[in-house]
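Shown next: upload-v2.cif, given as mmCIF, C-alpha atoms.
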```cif
data_input
loop_
_atom_site.label_atom_id
_atom_site.label_comp_id
_atom_site.auth_asym_id
_atom_site.auth_seq_id
_atom_site.Cartn_x
_atom_site.Cartn_y
_atom_site.Cartn_z
CA MET A 1 80.60 73.91 55.91
CA PHE A 2 78.03 75.64 53.74
CA PHE A 3 75.56 72.74 53.94
CA ARG A 4 75.13 73.05 57.73
CA ARG A 5 72.03 75.02 58.68
CA GLU A 6 73.69 76.81 61.60
CA ASN A 7 76.24 78.18 59.12
CA TYR A 8 74.10 79.34 56.24
CA THR A 9 71.48 80.94 58.48
CA HIS A 10 74.11 82.98 60.38
CA PRO A 11 74.41 86.64 59.20
CA ALA A 12 78.20 86.24 58.80
CA PHE A 13 77.54 83.73 55.99
CA LYS A 14 75.83 86.37 53.86
CA GLU A 15 78.42 89.01 54.75
CA ALA A 16 81.24 86.71 53.62
CA ALA A 17 79.45 85.70 50.43
CA LEU A 18 78.92 89.36 49.49
CA ASN A 19 82.58 90.12 50.26
CA MET A 20 83.71 87.33 47.97
CA LEU A 21 81.31 88.10 45.11
CA PRO A 22 83.51 90.73 43.36
CA LEU A 23 86.31 88.16 43.16
CA ALA A 24 84.01 85.54 41.64
CA THR A 25 84.57 86.83 38.07
CA GLY A 26 88.30 86.29 38.35
CA ILE A 27 87.85 82.84 39.89
CA SER A 28 85.36 81.93 37.14
CA ALA A 29 87.67 83.06 34.34
CA TRP A 30 90.47 80.96 35.80
CA GLY A 31 88.14 77.96 36.25
CA LEU A 32 86.86 78.29 32.69
CA MET A 33 90.38 78.31 31.36
CA THR A 34 91.45 75.35 33.50
CA GLY A 35 88.43 73.41 32.20
CA VAL A 36 89.37 74.13 28.58
CA ALA A 37 93.07 73.38 29.23
CA MET A 38 92.29 69.98 30.80
CA VAL A 39 90.33 68.65 27.81
CA LYS A 40 92.57 70.29 25.23
CA SER A 41 95.68 68.67 26.72
CA GLY A 42 94.27 65.21 26.13
CA MET A 43 92.20 64.32 29.20
CA SER A 44 88.76 62.78 28.69
CA VAL A 45 85.63 64.62 29.83
CA VAL A 46 85.12 62.13 32.68
CA GLU A 47 88.74 62.57 33.82
CA ALA A 48 88.48 66.35 33.60
CA LEU A 49 85.23 66.39 35.62
CA ALA A 50 86.68 64.02 38.23
CA MET A 51 89.76 66.22 38.52
CA THR A 52 87.69 69.39 38.88
CA PHE A 53 85.34 68.04 41.54
CA LEU A 54 87.87 66.03 43.56
CA VAL A 55 91.18 67.89 43.40
CA TYR A 56 89.78 71.45 43.61
CA ALA A 57 93.21 73.12 43.35
CA GLY A 58 93.85 74.98 40.09
CA SER A 59 97.64 75.18 40.13
CA SER A 60 98.23 71.55 41.11
CA GLN A 61 95.66 70.43 38.49
CA LEU A 62 97.41 72.42 35.76
CA ALA A 63 100.87 71.23 36.84
CA ALA A 64 99.68 67.60 36.83
CA ILE A 65 98.25 67.71 33.28
CA PRO A 66 101.51 67.57 31.28
CA LEU A 67 102.82 64.86 33.63
CA ILE A 68 99.66 62.73 33.24
CA VAL A 69 99.78 63.16 29.45
CA ALA A 70 103.46 62.12 29.42
CA GLY A 71 102.67 59.03 31.52
CA ALA A 72 104.88 60.02 34.46
CA PRO A 73 104.92 57.65 37.48
CA VAL A 74 102.18 58.23 40.03
CA TRP A 75 104.56 59.27 42.82
CA VAL A 76 106.22 61.94 40.66
CA ILE A 77 102.83 63.48 39.86
CA TRP A 78 101.74 63.39 43.51
CA ALA A 79 105.08 64.81 44.71
CA THR A 80 104.85 67.64 42.17
CA GLY A 81 101.27 68.39 43.26
CA PHE A 82 102.42 68.36 46.88
CA CYS A 83 105.23 70.85 46.20
CA VAL A 84 102.94 73.15 44.21
CA ASN A 85 100.48 73.02 47.15
CA LEU A 86 103.07 73.70 49.86
CA ARG A 87 101.74 77.22 50.40
CA PHE A 88 98.62 75.62 51.92
CA VAL A 89 100.82 73.92 54.53
CA VAL A 90 101.88 77.39 55.68
CA PHE A 91 98.24 78.55 55.71
CA SER A 92 97.21 75.50 57.75
CA LEU A 93 99.67 76.39 60.51
CA HIS A 94 98.07 79.84 60.70
CA LEU A 95 94.52 78.39 60.66
CA ARG A 96 95.14 75.76 63.35
CA PRO A 97 93.98 77.87 66.35
CA TYR A 98 90.76 78.72 64.47
CA MET A 99 90.01 75.06 63.81
CA MET A 100 90.96 73.06 66.89
CA HIS A 101 87.63 73.48 68.72
CA MET A 102 85.93 71.38 65.98
CA PRO A 103 85.88 67.61 65.64
CA ARG A 104 88.42 66.29 63.13
CA TRP A 105 86.04 65.59 60.23
CA ARG A 106 84.72 69.17 60.35
CA ARG A 107 88.25 70.59 60.48
CA MET A 108 89.17 68.56 57.43
CA VAL A 109 86.10 69.50 55.37
CA ASN A 110 86.61 73.18 56.23
CA GLY A 111 90.33 72.93 55.49
CA TYR A 112 89.85 71.15 52.16
CA LEU A 113 87.41 73.84 50.97
CA THR A 114 89.58 76.79 52.07
CA ALA A 115 91.70 77.86 49.09
CA ASP A 116 93.91 80.95 48.69
CA MET A 117 91.22 83.64 48.48
CA SER A 118 89.13 82.30 51.37
CA TYR A 119 92.22 81.99 53.56
CA ALA A 120 93.27 85.57 52.83
CA MET A 121 89.80 87.03 53.37
CA PHE A 122 89.10 84.98 56.51
CA THR A 123 92.33 85.83 58.31
CA ARG A 124 91.91 89.52 57.42
CA ARG A 125 88.38 89.55 58.87
CA PHE A 126 89.38 87.60 62.01
CA PRO A 127 92.98 88.58 62.87
CA LYS A 128 92.70 86.71 66.21
CA PRO A 129 91.05 83.31 66.76
CA GLY A 130 87.81 83.47 68.75
CA THR A 131 87.54 82.18 72.32
CA THR A 132 83.78 81.89 72.91
CA ARG A 133 81.19 79.58 71.34
CA GLU A 134 79.51 82.59 69.67
CA GLU A 135 82.76 83.74 68.08
CA TRP A 136 83.48 80.22 66.82
CA ARG A 137 80.06 80.04 65.19
CA GLU A 138 80.55 83.40 63.52
CA GLU A 139 83.98 82.37 62.20
CA GLU A 140 82.78 79.10 60.76
CA ALA A 141 79.73 80.78 59.18
CA PHE A 142 81.95 83.45 57.63
CA LEU A 143 84.43 80.92 56.29
CA SER A 144 81.57 78.83 54.86
CA GLY A 145 79.93 81.77 53.11
CA ASN A 146 83.29 82.70 51.71
CA TYR A 147 84.19 79.36 50.19
CA PHE A 148 80.60 78.73 49.12
CA VAL A 149 81.03 81.52 46.54
CA THR A 150 84.55 80.39 45.60
CA TRP A 151 83.52 76.75 45.20
CA THR A 152 80.36 77.37 43.15
CA SER A 153 81.97 79.90 40.78
CA TRP A 154 85.04 77.70 40.26
CA MET A 155 83.01 74.51 39.67
CA GLY A 156 80.38 76.16 37.45
CA ALA A 157 83.01 77.81 35.26
CA SER A 158 85.18 74.66 35.08
CA VAL A 159 82.25 72.56 33.87
CA ILE A 160 81.43 75.16 31.19
CA GLY A 161 85.12 75.15 30.20
CA ILE A 162 85.17 71.36 29.91
CA VAL A 163 82.06 71.39 27.66
CA LEU A 164 83.40 74.26 25.53
CA GLY A 165 86.85 72.71 25.31
CA ASN A 166 85.30 69.55 23.97
CA LEU A 167 83.76 71.54 21.07
CA ILE A 168 86.94 73.43 20.12
CA PRO A 169 89.52 71.68 17.87
CA THR A 170 92.75 70.73 19.68
CA SER A 171 94.82 72.18 16.79
CA TRP A 172 93.93 75.70 17.99
CA GLY A 173 96.35 75.14 20.86
CA LEU A 174 94.11 76.42 23.69
CA GLY A 175 95.81 73.99 26.06
CA PHE A 176 98.65 76.51 26.13
CA ALA A 177 96.43 78.77 28.25
CA GLY A 178 97.13 76.32 31.10
CA VAL A 179 100.88 76.88 30.73
CA LEU A 180 100.35 80.65 30.69
CA CYS A 181 98.31 80.38 33.85
CA LEU A 182 101.20 78.55 35.53
CA VAL A 183 103.57 81.29 34.26
CA GLY A 184 101.38 83.88 36.02
CA ILE A 185 101.24 81.91 39.28
CA LEU A 186 104.99 81.34 39.08
CA CYS A 187 105.64 85.08 38.69
CA SER A 188 103.37 85.85 41.65
CA LEU A 189 105.16 83.33 43.90
CA ALA A 190 108.68 84.34 42.81
CA ASN A 191 108.52 87.50 44.93
CA THR A 192 112.01 87.52 46.49
CA PRO A 193 115.40 87.51 44.66
CA LEU A 194 116.23 84.02 45.96
CA ARG A 195 112.86 82.65 44.87
CA LYS A 196 113.33 84.14 41.38
CA LEU A 197 116.72 82.47 41.23
CA ALA A 198 115.23 79.17 42.44
CA ALA A 199 112.70 79.39 39.58
CA LEU A 200 115.43 80.02 36.98
CA VAL A 201 117.63 77.21 38.32
CA ALA A 202 114.70 74.78 38.43
CA GLY A 203 113.58 75.69 34.90
CA ALA A 204 117.07 75.22 33.47
CA ALA A 205 117.59 71.97 35.40
CA ALA A 206 114.24 70.54 34.25
CA VAL A 207 115.19 71.21 30.61
CA ALA A 208 118.77 69.96 30.99
CA ALA A 209 117.64 66.77 32.76
CA TYR A 210 114.71 66.18 30.43
CA SER A 211 116.08 62.88 29.14
CA LEU A 212 115.92 61.34 32.64
CA PRO A 213 113.37 58.53 32.66
CA LEU A 214 110.04 58.70 34.53
CA LYS A 215 109.82 62.51 34.38
CA LEU A 216 112.42 62.58 37.15
CA ASN A 217 113.65 65.86 35.67
CA ILE A 218 110.96 67.64 37.72
CA VAL A 219 112.17 66.00 40.95
CA ALA A 220 115.79 66.77 40.03
CA ALA A 221 114.86 70.39 39.28
CA ILE A 222 113.22 70.85 42.70
CA ALA A 223 116.16 69.24 44.51
CA VAL A 224 118.81 71.30 42.67
CA ALA A 225 116.92 74.59 43.06
CA VAL A 226 116.28 74.07 46.79
CA ALA A 227 119.91 73.05 47.37
CA VAL A 228 121.24 76.11 45.51
CA SER A 229 118.89 78.42 47.44
CA PHE A 230 119.96 76.92 50.80
CA TRP A 231 123.60 77.40 49.88
CA LEU A 232 123.09 81.01 48.80
CA GLU A 233 120.98 81.72 51.88
CA ARG A 234 123.83 80.54 54.12
CA ARG A 235 126.42 82.47 52.14
CA GLY A 236 124.23 85.59 52.35
CA ALA A 237 123.99 85.15 56.13
CA ALA A 238 127.79 84.72 56.37
CA VAL A 239 128.42 87.83 54.25
CA SER A 240 126.09 89.99 56.33
CA ARG A 241 127.77 88.69 59.53
CA GLU A 242 131.17 89.73 58.14
CA ALA A 243 129.81 93.13 57.17
CA ALA A 244 128.45 93.65 60.68
CA MET B 1 87.03 61.87 22.17
CA THR B 2 89.73 60.68 24.51
CA ARG B 3 89.18 57.47 26.48
CA THR B 4 89.06 57.46 30.24
CA ASP B 5 91.53 55.16 31.89
CA ALA B 6 91.66 53.78 35.41
CA TRP B 7 95.29 54.83 35.98
CA THR B 8 94.44 58.50 35.44
CA LEU B 9 91.51 58.22 37.86
CA VAL B 10 93.85 56.76 40.52
CA VAL B 11 96.25 59.68 39.92
CA ILE B 12 93.34 62.12 40.31
CA ALA B 13 92.11 60.50 43.53
CA GLY B 14 95.63 60.77 44.93
CA LEU B 15 95.85 64.45 43.96
CA ALA B 16 92.57 65.01 45.82
CA GLY B 17 94.27 63.42 48.85
CA VAL B 18 97.20 65.81 48.35
CA SER B 19 94.75 68.75 48.41
CA VAL B 20 93.25 67.56 51.72
CA LEU B 21 96.67 66.77 53.23
CA THR B 22 98.28 70.11 52.36
CA ARG B 23 95.27 72.29 53.24
CA CYS B 24 94.77 70.57 56.62
CA PHE B 25 98.45 69.76 57.27
CA PHE B 26 98.81 71.28 60.75
CA PHE B 27 95.31 70.62 62.08
CA ILE B 28 94.79 66.96 61.19
CA LEU B 29 96.43 65.78 64.42
CA ASP B 30 95.11 66.93 67.79
CA ARG B 31 98.49 67.56 69.37
CA SER B 32 100.47 70.52 68.09
CA TRP B 33 103.79 69.94 66.35
CA ALA B 34 106.36 71.80 64.23
CA LEU B 35 108.34 71.05 61.10
CA PRO B 36 112.10 70.52 61.32
CA ALA B 37 114.02 73.69 60.39
CA TRP B 38 115.19 72.40 56.99
CA ALA B 39 111.64 71.60 55.89
CA ASP B 40 110.50 75.02 57.02
CA ARG B 41 113.16 76.59 54.79
CA ALA B 42 112.39 74.28 51.87
CA LEU B 43 108.82 75.65 51.97
CA GLN B 44 110.27 78.94 50.76
CA TYR B 45 111.64 77.56 47.51
CA ALA B 46 110.02 74.21 46.62
CA PRO B 47 106.74 75.66 45.23
CA VAL B 48 108.41 77.99 42.70
CA ALA B 49 110.91 75.25 41.81
CA ALA B 50 108.13 72.72 41.14
CA LEU B 51 106.16 75.15 38.98
CA ALA B 52 109.24 76.28 37.02
CA GLY B 53 110.27 72.65 36.54
CA VAL B 54 106.91 71.86 34.97
CA VAL B 55 106.59 75.09 32.95
CA ALA B 56 110.06 75.46 31.36
CA PRO B 57 109.99 72.23 29.28
CA GLU B 58 106.42 73.04 28.19
CA VAL B 59 107.69 76.31 26.71
CA VAL B 60 111.08 75.50 25.17
CA MET B 61 110.90 71.78 24.29
CA ASN B 62 109.22 69.72 21.64
CA ALA B 63 109.03 65.91 21.84
CA GLY B 64 112.00 65.77 24.22
CA HIS B 65 114.30 68.24 22.41
CA LEU B 66 114.95 71.96 22.63
CA VAL B 67 112.96 73.67 19.88
CA PRO B 68 115.42 74.06 16.98
CA THR B 69 113.87 77.28 15.62
CA TRP B 70 112.63 80.55 17.07
CA HIS B 71 109.54 80.12 14.87
CA ASP B 72 107.58 78.80 17.81
CA ALA B 73 104.66 80.78 19.21
CA ARG B 74 105.33 79.57 22.77
CA LEU B 75 108.76 81.27 22.89
CA PHE B 76 107.04 84.64 22.46
CA ALA B 77 103.80 84.07 24.34
CA ALA B 78 105.32 82.90 27.64
CA PRO B 79 107.76 85.86 28.11
CA ALA B 80 104.98 88.24 27.00
CA GLY B 81 102.72 86.74 29.66
CA ALA B 82 105.44 87.07 32.33
CA LEU B 83 106.10 90.73 31.41
CA LEU B 84 102.37 91.47 31.53
CA TYR B 85 102.26 89.93 34.99
CA TYR B 86 105.02 92.23 36.25
CA TRP B 87 103.28 95.20 34.64
CA ARG B 88 99.86 94.76 36.26
CA ARG B 89 100.26 91.90 38.81
CA SER B 90 97.33 90.05 37.24
CA VAL B 91 97.36 86.35 36.34
CA LEU B 92 94.27 86.86 34.16
CA LEU B 93 96.11 89.48 32.10
CA THR B 94 99.01 87.02 31.73
CA ILE B 95 96.66 84.41 30.27
CA GLY B 96 94.70 86.85 28.09
CA GLY B 97 97.72 88.75 26.80
CA GLY B 98 99.81 85.61 26.36
CA MET B 99 97.08 83.96 24.31
CA ALA B 100 96.71 87.18 22.26
CA VAL B 101 100.37 86.70 21.29
CA TYR B 102 100.15 82.92 20.94
CA LEU B 103 97.00 82.44 18.86
CA PRO B 104 97.83 84.70 15.86
CA LEU B 105 101.37 83.30 15.60
CA HIS B 106 100.11 79.73 16.00
CA LEU B 107 96.96 79.86 13.83
CA LEU B 108 97.97 82.37 11.13
CA LEU B 109 101.71 81.73 10.77
CA GLY B 110 101.66 78.10 11.88
CA TRP B 111 104.49 78.63 14.44
#
```

Write-out of the structure in structure tokens:
Amino acid sequence: MFFRRENYTHPAFKEAALNMLPLATGISAWGLMTGVAMVKSGMSVVEALAMTFLVYAGSSQLAAIPLIVAGAPVWVIWATGFCVNLRFVVFSLHLRPYMMHMPRWRRMVNGYLTADMSYAMFTRRFPKPGTTREEWREEEAFLSGNYFVTWTSWMGASVIGIVLGNLIPTSWGLGFAGVLCLVGILCSLANTPLRKLAALVAGAAAVAAYSLPLKLNIVAAIAVAVAVSFWLERRGAAVSREAA
Amino acid sequence: MTRTDAWTLVVIAGLAGVSVLTRCFFFILDRSWALPAWADRALQYAPVAALAGVVAPEVVMNAGHLVPTWHDARLFAAPAGALLYYWRRSVLLTIGGGMAVYLPLHLLLGW
């Protein structure tokens, strides 16, 4: 954690912060846009600030906005956020051996603050988890310096975006930037043929099932797309067995 | 200015819990454990499905119906953004380029 003295005085903290600095512009631009999108989609300034400082996950924030505006049930919004965040579950499995020497509350603070960029940079810098006390200290200091830059640039830019968004008329349609951001994230995640297909199936199902009450069309879309992908995966496996 | 309501704040607090839960998923408990095989496979597809399920209606629907006309800026901006992503692999370019298509159509032509 960046507020612990033994972390921010360690040389690895500065190294990590300098490594992350070039990426801060990109993170800031995204934060700025998320800030604008939140207020321009109909959230109040207090709600937008609370969301920024508590949730700290751009894609799940942006995915939740249309659902909150539509008045979807709480569990549908949380389930959607959970699915959008599932990549972190995979990261957490990878990070486990780096974390287990810490008490639980420190693991959880470190985990909460480690988003995509910090995860990628940290695991590239430390391909194997440390075994000595010194190595553990270096790892935690590096991780802290890394997400210190990510956190401050994201938060600073989001707050500016929320203030700016409040000054810009809603009729300009800047809230659509949030949808475009999700389009970009979607394209980056749909990196195998089956995942692309899952995205198409889910999109079509969400539109076709739109009249379902309680925004259940999102839940239906996830279920249908996952089921179709499982089925095709099995068929693909059967076909390659026959070929072999 | 929009009013703040308690329900939205509860939703936000829960989403914060979702952030903590997903980011710490495998190191909250002390003992090590694994997901069942089906859940492991669902991890491959559920994130794209959730995003596409949220995005598609935001692009092609209006007040619960498919947009009846192609005179809608979103129908052009979203595919343009996707193409730009595949061209340069940059989410920022998707947003910037998509808005460059969206804003003139929306503000000047009223689409």

- Item | Nearby residues (all atoms listed in the file) at most 8 Å from region 217-232 of chain A, same-chain spacing under 6 positions excluded, as a list in words |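 Near neighbours after the sequence-gap exclusion: Val76, Thr80, Leu194, Arg195, Leu197, Ala198, Ala199, Val201, Ala202, Gly203, Ala204, Ala205, Ala206, Val207, Ala209, Tyr210 and Ser211 of chain A; Arg41, Ala42, Tyr45, Ala46, Ala49, Ala50, Gly53 and Val54 of chain B.
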
- Task: Can you give me, as JSON, numbers by chain, the residues this file yields under the PyMOL selection byres ((chain B) within 7 of (chain A))?
- Result: {"B": [1, 2, 3, 4, 9, 11, 12, 13, 14, 15, 16, 18, 19, 20, 22, 23, 24, 25, 26, 27, 28, 42, 43, 45, 46, 47, 48, 49, 50, 51, 52, 53, 54, 55, 56, 57, 64, 78, 81, 82, 85, 91, 94, 95, 98, 99, 107]}

- Could you tell me which residues the PyMOL selection byres ((chain A and resi 156-160) around 8) returns for this structure, as a ChimeraX atom specification? /A:28-29,31-36,49,52,152-155,161-164

Specify the axis-aligned box that encloses all atoms of region 59-74 of chain B listed in the file after padding of 8 Å on each side, stating its centre and edge lengths in Å to one decimal as lines of an AutoDock Vina configuration file.
```
center_x = 110.0
center_y = 73.3
center_z = 20.8
size_x = 26.8
size_y = 31.0
size_z = 27.8
```

- Message: Using the chain letters and numbers from this file, what does the PyMOL selection byres ((chain B and resi 71) around 12) select? Give the answer as an MDAnalysis selection string.
- Response: chainID B and resid 60 67:70 72:77 102 105:106 109:111

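Take CA of Leu66 (chain B) and CA of Leu103 (chain B): the distance between them is 21.1 Å.
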